[in-house]
>>> print(open('coords36.txt').read())   # compact mmCIF, C-alpha atoms and all ligand atoms
# COMPACT_ATOMS: atom_id res chain seq x y z
CA MET W 1 295.29 141.02 197.33
CA LYS W 2 298.73 142.43 198.12
CA VAL W 3 301.07 140.08 199.92
CA ALA W 4 304.59 140.60 201.24
CA ILE W 5 306.97 137.67 201.31
CA ALA W 6 310.37 137.43 202.98
CA ASN W 7 312.80 134.75 203.99
CA ASP W 8 316.25 134.14 205.35
CA HIS W 9 318.87 131.83 203.84
CA GLY W 10 316.98 128.79 205.14
CA GLY W 11 313.81 129.87 203.38
CA TYR W 12 315.19 131.09 200.07
CA GLU W 13 314.88 127.83 198.16
CA LEU W 14 311.25 127.29 199.17
CA LYS W 15 310.40 130.87 198.23
CA THR W 16 311.74 130.36 194.71
CA LYS W 17 309.55 127.26 194.39
CA ILE W 18 306.29 128.87 195.50
CA MET W 19 306.53 132.29 193.83
CA GLY W 20 304.99 131.15 190.56
CA PHE W 21 302.09 129.51 192.38
CA LEU W 22 301.37 132.66 194.39
CA LYS W 23 301.35 134.91 191.34
CA ASP W 24 299.92 132.67 188.63
CA ASP W 25 297.54 130.38 190.49
CA LEU W 26 296.44 132.46 193.47
CA LYS W 27 296.68 135.70 191.43
CA LEU W 28 298.30 137.56 194.31
CA ASP W 29 300.20 140.80 193.96
CA VAL W 30 303.43 139.64 195.64
CA LEU W 31 306.04 142.05 196.99
CA ASP W 32 309.35 140.31 197.61
CA TYR W 33 311.21 141.75 200.61
CA GLY W 34 314.23 139.44 200.28
CA CYS W 35 316.57 137.93 200.96
CA GLY W 36 317.62 137.06 197.45
CA GLY W 37 319.99 134.16 198.01
CA THR W 38 321.42 131.65 200.43
CA GLN W 39 323.97 133.94 202.02
CA ILE W 40 323.57 133.96 205.79
CA VAL W 41 321.30 136.79 206.94
CA ARG W 42 319.45 137.64 210.12
CA TYR W 43 315.83 136.54 209.92
CA PRO W 44 314.44 139.12 212.40
CA TYR W 45 315.13 141.94 209.92
CA TYR W 46 313.15 140.20 207.19
CA ALA W 47 310.25 139.43 209.50
CA ALA W 48 310.26 143.08 210.57
CA ARG W 49 310.05 144.30 206.97
CA VAL W 50 306.95 142.27 206.29
CA CYS W 51 305.26 143.11 209.58
CA GLN W 52 305.87 146.83 209.15
CA ALA W 53 304.44 146.70 205.64
CA ILE W 54 301.28 145.17 207.10
CA GLN W 55 301.14 147.72 209.90
CA LYS W 56 301.46 150.57 207.39
CA GLY W 57 298.71 149.08 205.24
CA GLU W 58 301.05 148.60 202.28
CA VAL W 59 300.09 144.93 202.05
CA ASP W 60 297.21 142.83 203.33
CA LYS W 61 299.07 139.72 204.45
CA GLY W 62 302.55 138.30 204.81
CA ILE W 63 304.45 135.09 204.20
CA LEU W 64 307.65 134.44 206.18
CA ILE W 65 309.99 131.54 205.59
CA CYS W 66 313.07 130.50 207.55
CA SER W 67 314.49 127.01 208.10
CA THR W 68 311.83 126.04 210.62
CA GLY W 69 309.43 128.98 210.52
CA ILE W 70 309.89 129.29 214.28
CA GLY W 71 312.24 132.26 214.38
CA MET W 72 310.09 134.20 211.94
CA SER W 73 306.95 133.51 213.97
CA ILE W 74 308.59 134.60 217.23
CA VAL W 75 309.64 137.91 215.69
CA ALA W 76 306.40 138.55 213.82
CA ASN W 77 304.25 138.13 216.92
CA LYS W 78 306.19 140.91 218.65
CA PHE W 79 304.64 143.44 216.25
CA LYS W 80 301.39 145.07 217.25
CA GLY W 81 298.45 143.84 215.24
CA ILE W 82 300.33 140.91 213.79
CA ARG W 83 298.81 137.48 214.21
CA ALA W 84 301.44 135.16 212.83
CA ALA W 85 300.77 131.44 212.50
CA LEU W 86 303.49 128.84 212.17
CA VAL W 87 301.85 126.25 209.95
CA ASP W 88 303.03 122.69 209.33
CA ASN W 89 299.78 120.88 208.47
CA SER W 90 296.74 121.35 206.24
CA TYR W 91 294.19 121.55 209.03
CA SER W 92 296.02 124.34 210.84
CA ALA W 93 296.56 126.21 207.58
CA GLU W 94 292.82 126.52 207.09
CA MET W 95 291.78 126.88 210.73
CA THR W 96 294.18 129.71 211.52
CA THR W 97 292.42 131.84 208.92
CA ARG W 98 288.96 130.74 210.04
CA HIS W 99 289.53 131.15 213.79
CA ASN W 100 292.58 133.40 214.34
CA ASP W 101 292.29 135.67 211.30
CA SER W 102 296.07 135.32 211.04
CA ASN W 103 297.66 137.92 208.83
CA VAL W 104 301.07 136.24 208.56
CA ILE W 105 301.84 132.63 207.75
CA CYS W 106 305.24 131.25 208.74
CA LEU W 107 306.66 128.23 206.97
CA GLY W 108 309.71 126.06 207.58
CA GLY W 109 311.71 126.00 204.38
CA ARG W 110 313.72 122.99 205.47
CA CYS W 111 310.77 121.19 207.05
CA ILE W 112 307.82 120.98 204.72
CA GLY W 113 308.76 120.89 201.01
CA ASP W 114 307.10 122.79 198.19
CA PHE W 115 304.16 120.40 197.71
CA ASN W 116 303.02 120.90 201.31
CA ALA W 117 303.79 124.62 201.25
CA ILE W 118 301.53 125.08 198.23
CA ASP W 119 298.77 123.07 199.88
CA PHE W 120 299.03 125.13 203.09
CA LEU W 121 299.04 128.43 201.21
CA LYS W 122 296.04 127.41 199.11
CA ARG W 123 294.09 126.63 202.28
CA TRP W 124 295.30 129.69 204.21
CA PHE W 125 294.37 132.13 201.46
CA GLY W 126 291.25 130.18 200.46
CA ALA W 127 289.56 130.21 203.86
CA SER W 128 287.68 133.12 205.45
CA PHE W 129 287.61 134.39 209.02
CA GLU W 130 284.43 133.16 210.69
CA GLY W 131 284.04 136.11 213.07
CA GLY W 132 281.39 135.48 215.76
CA ARG W 133 282.78 133.89 218.93
CA HIS W 134 286.31 134.09 217.55
CA CYS W 135 286.17 137.88 217.75
CA ILE W 136 286.03 137.52 221.53
CA SER W 137 289.42 135.78 221.60
CA LEU W 138 290.90 138.28 219.17
CA GLY W 139 289.65 141.08 221.42
CA ILE W 140 291.39 139.48 224.41
CA ILE W 141 294.61 139.23 222.38
CA GLU W 142 294.28 142.94 221.59
CA ASP W 143 293.78 143.78 225.28
CA ILE W 144 296.90 141.81 226.24
CA GLU W 145 298.84 143.47 223.42
CA GLU W 146 297.70 146.97 224.43
CA LYS W 147 298.81 146.46 228.04
CA ASN W 148 302.12 144.85 227.14
CA PHE W 149 303.02 147.54 224.61
CA ALA W 150 302.13 150.22 227.15
CA GLY W 151 304.40 148.52 229.70
CA GLU W 152 301.42 147.92 231.97
CA ASP W 153 300.37 144.72 233.68
CA TYR W 154 297.60 142.75 232.07
CA THR W 155 294.99 141.95 234.72
CA LEU W 156 293.60 138.51 234.17
CA PRO W 157 289.87 138.37 234.84
CA GLU W 158 288.25 135.47 236.71
CA VAL W 159 288.38 132.52 234.33
CA GLU W 160 286.91 129.07 234.68
CA LYS W 161 289.24 126.28 235.86
C1 LIG W 201 319.03 129.84 210.37
O1 LIG W 201 320.10 129.02 210.50
C2 LIG W 201 317.86 129.38 211.21
O2 LIG W 201 318.15 129.59 212.54
C3 LIG W 201 316.63 130.11 210.78
O3 LIG W 201 316.39 129.87 209.44
C4 LIG W 201 315.36 129.79 211.49
O4 LIG W 201 315.00 128.45 211.32
C5 LIG W 201 315.21 130.21 212.88
O5 LIG W 201 314.22 129.94 213.55
>>> encode(input="coords36.txt", output="structure tokens")
Amino acid sequence: MKVAIANDHGGYELKTKIMGFLKDDLKLDVLDYGCGGTQIVRYPYYAARVCQAIQKGEVDKGILICSTGIGMSIVANKFKGIRAALVDNSYSAEMTTRHNDSNVICLGGRCIGDFNAIDFLKRWFGASFEGGRHCISLGIIEDIEEKNFAGEDYTLPEVEK
């Protein structure tokens, strides 16, 4: 599987610690989209690189790391077709693949440490999307996305209280 990874200055250190695991243990074909150091950079550009690579079909999934993972996740979810999950625990790491079919995982480089990051990545890549009823929610997300990107109002159907 081809995977794009990118980070800002707050995520650089964690990236250097997980690269070997991604390539050697998970056997992923990893494309590194920067940044390559701890100089201050703007995280939205790095998130955009990874999301556009996914949109173009150049990679299957993406990993984004900033200090908290929050900024990266906010940016990534503004790209059509991107389902980015900010993950800070093992359960969510697995469930976001099984239920959300997330194609980007966002990690907080100054929040979780390399031991946890490796555990989350192992679970995220190791799980499979369950399909079934979860496709209904993904379809609703797509409807909302379509309307919002077209600049149209999303009409909420009758939903149970
Ligand atoms: C950079 O200082 C920091 O804002 C960034 O890494 C990220 O955590 C933003 O959400």
>>> closest_residue(input="coords36.txt", among="W:Lys122, W:Arg83, W:Lys61, W:Arg110", to="ligand LIG 201 (chain W)", atoms="all atoms listed in the file")
W:Arg110
>>> residues_near_ligand(input="coords36.txt", ligand="ligand LIG 201 (chain W)", cutoff="12 Å", atoms="only C-alpha atoms and all ligand atoms", output="NGL selection string")
:W and (6-14 or 35 or 38-47 or 64-76 or 86 or 106-111)
>>> closest_residue(input="coords36.txt", among="W:Ile144, W:Ile63, W:Val30, W:Met19", to="Lys80 (chain W)", atoms="all atoms listed in the file")
W:Ile144
>>> closest_residue(input="coords36.txt", among="W:Leu22, W:Val50, W:Val87, W:Met1", to="Ile118 (chain W)", atoms="all atoms listed in the file")
W:Leu22
>>> closest_residue(input="coords36.txt", among="W:Glu130, W:Ser92, W:Glu160, W:Asp60", to="Leu31 (chain W)", atoms="only C-alpha atoms")
W:Asp60
>>> atom_distance(input="coords36.txt", atom1="CA of Thr155 (chain W)", atom2="CA of Asp143 (chain W)")
9.7 Å
>>> residues_near_point(input="coords36.txt", point="(295.1, 143.3, 212.3)", cutoff="9 Å", atoms="all atoms listed in the file", output="VMD selection string")
chain W and resid 54 to 55 80 to 83 101 to 103
>>> closest_residue(input="coords36.txt", among="W:Ala150, W:Ile136, W:Cys51, W:Ala84", to="Trp124 (chain W)", atoms="all atoms listed in the file")
W:Ala84
>>> residues_around(input="coords36.txt", residues="Asp29 (chain W)", least_positions_apart="5", cutoff="8 Å", atoms="all atoms listed in the file", output="ChimeraX atom specification")
/W:1-3,23
>>> atom_distance(input="coords36.txt", atom1="CA of Lys147 (chain W)", atom2="CA of Thr97 (chain W)")
24.9 Å
